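**Student:** Got a structure here, written out as structure tokens. Questions coming.
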Amino acid sequence: MTQALADELTSLLSLERLEDNLFRGQSRDIGTRYVFGGQVLGQALAAAQQTVDPARIAHSLHGYFLRAGDIGAPIVYQVERLRDGRSFSTRRVLAIQHGQPILNGSISFQIEESGFEHQLSVPEVPGPNDLEPPAIISAEELAQLPEKLQRWLTRRGPFEFHPVYPRDELHPSKRPPYQQVWFRLGGRAPDDARLQRAMLAYASDFHLIGTATLPHGISYLSHEVQMASLDHALWFHRPFRVDEWLLYSCDSPSAQGARGLARGMIFAQDGRLVASTAQEGLLRVHTQG
């Protein structure tokens, strides 16, 4: 089952080429009402990578989520070749559904070069094999949730997650705005670095904005809370494999104006910092009455 889900993700990120700069992707129903933002990020990166010399590697991605995506319709990705310089290439990607843009992104690529090296140290936390997988919600509690949340919580995805500091999302307590989560693809990934970067873009949308909810005793399962990603940034630093354990270390420096900001660092198990992320999301609470 885990390899089948990993293969499904590979298929999801292998887009159909319609024209030189035009691609089409399908959507996976992960139990949410709308298309998962990480899917759109991963597919946008996959589309842009098909328009660049393979010797040029994606090093940064910046995207704005403009509209919610329709889970039942394909997404067309229009790539604009903004620049091909001696060392860098830049692409703009527009994800389109029903004639309307749902994501506007910019992706930069660079040839491999040597230079100065430094990084922050990996947090000292238990390893992934020393942690238990997240607790399963009981059938009694699950039955009390809205149907859309039941679908989300009972569907298995291609990635497995081991949180260092688990939290009961149904009864969230207030805690400082940081968390660490080990994650990896549940099956074997193809030996294709470009595909694995698209897979990491997909996974980077999990857990990030949720970090901004931690000090407030709310979660994505809270009935009165509306959460949505507004933008997303991802920087690739060093080689990695998504089918080996990676540590996602996230913090949230601020929440205000019905928005929350979260940052993340992704480390390989050997301590190398392989990627960094940032995201601002909508955090709106609807009061009764």
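Chain labels run A, B, ... following the order of the structure tokens; each chain numbers its residues from 1, and ligands are numbered from 1 in the order shown.
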Out of region 29-102 of chain A, which residues get helix (DSSP H, G or I) from DSSP, as JSON, numbers by chain?
**Tutor:** {"A": [37, 38, 39, 40, 41, 42, 43, 44, 45, 46, 47, 48, 49]}
**Student:** Would you tabulate, counting only C-alpha atoms, all residues of region 187-282 of chain A that have an atom at most 7 Å from an atom of region 169-179 of chain A, showing the closest pair of atoms and their distance in Å to one decimal, sorted by chain then ascending number, as a tab-separated table?
**Tutor:**
residue	atom	partner	partner_atom	distance
A:Thr211	CA	A:Pro177	CA	5.7
A:Ala212	CA	A:Pro177	CA	6.0
A:Leu214	CA	A:Pro177	CA	5.3
A:Pro215	CA	A:Lys174	CA	4.8
A:His216	CA	A:Lys174	CA	5.5
A:Gly217	CA	A:Lys174	CA	4.4
A:Ile218	CA	A:Pro172	CA	5.8
A:Ser219	CA	A:Glu169	CA	5.8
A:Leu221	CA	A:Leu170	CA	6.2
A:Ser249	CA	A:Gln179	CA	6.0
A:Cys250	CA	A:Gln179	CA	5.4
A:Asp251	CA	A:Tyr178	CA	4.1
A:Ser252	CA	A:Pro177	CA	5.3
**Student:** I need the chosen residues saved as an mmCIF file, in the first residue's frame, with C-alpha atoms.
**Tutor:**
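Output (again-v2.cif):
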data_model
loop_
_atom_site.group_PDB
_atom_site.id
_atom_site.type_symbol
_atom_site.label_atom_id
_atom_site.label_comp_id
_atom_site.auth_asym_id
_atom_site.auth_seq_id
_atom_site.Cartn_x
_atom_site.Cartn_y
_atom_site.Cartn_z
ATOM 1 C CA THR A 211 2.774 26.039 13.768
ATOM 2 C CA ALA A 212 1.170 29.479 14.020
ATOM 3 C CA LEU A 214 0.125 26.432 18.654
ATOM 4 C CA PRO A 215 0.118 29.404 21.082
ATOM 5 C CA HIS A 216 -3.642 29.879 20.688
ATOM 6 C CA GLY A 217 -5.054 26.463 21.548
ATOM 7 C CA ILE A 218 -6.672 25.967 18.148
ATOM 8 C CA SER A 219 -6.056 23.561 15.278
ATOM 9 C CA LEU A 221 -9.906 20.565 13.376
ATOM 10 C CA SER A 249 11.811 22.161 12.192
ATOM 11 C CA CYS A 250 9.192 24.933 12.171
ATOM 12 C CA ASP A 251 8.580 28.123 14.129
ATOM 13 C CA SER A 252 6.119 31.001 13.930
#
**Student:** Leaving out region 156-162 of chain A and any residue of its chain fewer than 6 positions from it, which residues lie within 7 Å of it when counting only C-alpha atoms, given as a PyMOL selection string?
**Tutor:** chain A and resi 2+5-6+9+128+131-134+181-186
**Student:** Measuring atom to atom with only C-alpha atoms, identify which of A:Ser276, A:Thr287, A:Gln3, A:Gln43 is nearest to Trp235 (chain A).
**Tutor:**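 Looking only at the distances to Trp235 (chain A), the closest residue turns out to be A:Ser276.
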**Student:** Taking only C-alpha atoms into account, name the residue in A:Val122, A:Ala201, A:Ala48, A:Ile57 that is nearest to Pro239 (chain A).
**Tutor:** A:Ile57
**Student:** Determine, counting only C-alpha atoms, which protein, DNA and RNA residues have an atom within 6 Å of an atom of Val79 (chain A); residues of the same chain fewer than 4 positions away are not included. Present the result as a PDB file with N, CA and C atoms, in the first residue's frame.
**Tutor:**
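To be explicit, this is the file written out as part.pdb:
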ATOM      1  N   ASN A  21       5.356  25.113 -23.598  1.00  0.00           N
ATOM      2  CA  ASN A  21       5.326  25.763 -22.294  1.00  0.00           C
ATOM      3  C   ASN A  21       3.995  25.571 -21.575  1.00  0.00           C
ATOM      4  N   ARG A  92       8.314  31.870 -14.751  1.00  0.00           N
ATOM      5  CA  ARG A  92       7.069  32.207 -14.083  1.00  0.00           C
ATOM      6  C   ARG A  92       6.058  31.139 -14.443  1.00  0.00           C
ATOM      7  N   VAL A  93       5.313  30.670 -13.456  1.00  0.00           N
ATOM      8  CA  VAL A  93       4.332  29.611 -13.682  1.00  0.00           C
ATOM      9  C   VAL A  93       2.968  30.093 -13.212  1.00  0.00           C
TER      10      VAL A  93
END
**Student:** Pick from A:Glu280, A:Asp243, A:Asp270, A:Asp84: nearest to Glu124 (chain A), with only C-alpha atoms counted?
**Tutor:**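 So, comparing all the options, the nearest one is A:Asp270.
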